[in-house]
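To start, the structure under review is shown below, and the notes come after it.
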Amino acid sequence: MVSPNGLGNSGRAGVGDLPAALSIGRRTMDDDLAGSSYYSAALLITPLVLSGRFDEALRMAGTAWEG
């Protein structure tokens, strides 16, 4: 099943589970195809903020903004 935003099932795996959401985001960053994109950085911003890791979230926001 593919969601409208293209995340498919993997995007829902981390809902309500911050460690899982961070894991998904980090795996995306390590991916050969998506790792260097703004999208992979953007996946990490929300779980980092909700985890109180604001410095890392700001770094990822800069990466996402630069695209």
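Note on naming: chains are A, B, ... as they come in the structure tokens, residues start from 1 per chain, ligands start from 1 in the order shown.
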
Please provide the set of residues having any atom within 9 Å of range 38-48 of chain A, restricted to only C-alpha atoms, with same-chain residues fewer than 4 positions apart removed, written as a CSV table (one decimal) with C-alpha atoms, in the first residue's frame.
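selection.csv, written as the output of this step:
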chain,number,residue,atom,x,y,z
A,17,ASP,CA,7.1,5.6,18.7
A,18,LEU,CA,9.9,8.1,18.7
A,19,PRO,CA,12.7,5.7,18.7
A,21,ALA,CA,10.6,7.2,13.9
A,22,LEU,CA,14.3,8.2,14.5
A,23,SER,CA,15.4,4.8,13.3
A,24,ILE,CA,13.4,5.1,10.1
A,25,GLY,CA,14.8,8.6,9.5
A,26,ARG,CA,18.4,7.5,10.1
A,27,ARG,CA,18.0,4.5,7.8
A,28,THR,CA,16.7,6.9,5.1
A,29,MET,CA,19.8,9.1,5.7
A,30,ASP,CA,22.0,6.1,5.1
A,31,ASP,CA,20.1,5.1,1.9
A,34,ALA,CA,17.5,9.2,-0.7
A,52,GLY,CA,14.1,17.3,22.9
A,53,ARG,CA,17.1,17.0,20.6
A,54,PHE,CA,16.8,20.6,19.3
A,55,ASP,CA,20.5,21.0,18.2
A,56,GLU,CA,20.3,18.0,15.9
A,57,ALA,CA,16.8,19.1,14.7
A,58,LEU,CA,18.2,22.6,13.8
A,59,ARG,CA,21.1,21.0,11.8
A,60,MET,CA,18.6,18.7,9.9
A,61,ALA,CA,16.4,21.7,9.3
A,62,GLY,CA,19.3,23.5,7.7
A,63,THR,CA,20.1,20.5,5.5
A,64,ALA,CA,16.4,20.2,4.5
A,65,TRP,CA,16.2,24.0,3.8
A,66,GLU,CA,19.2,23.9,1.5
A,67,GLY,CA,17.7,21.0,-0.3
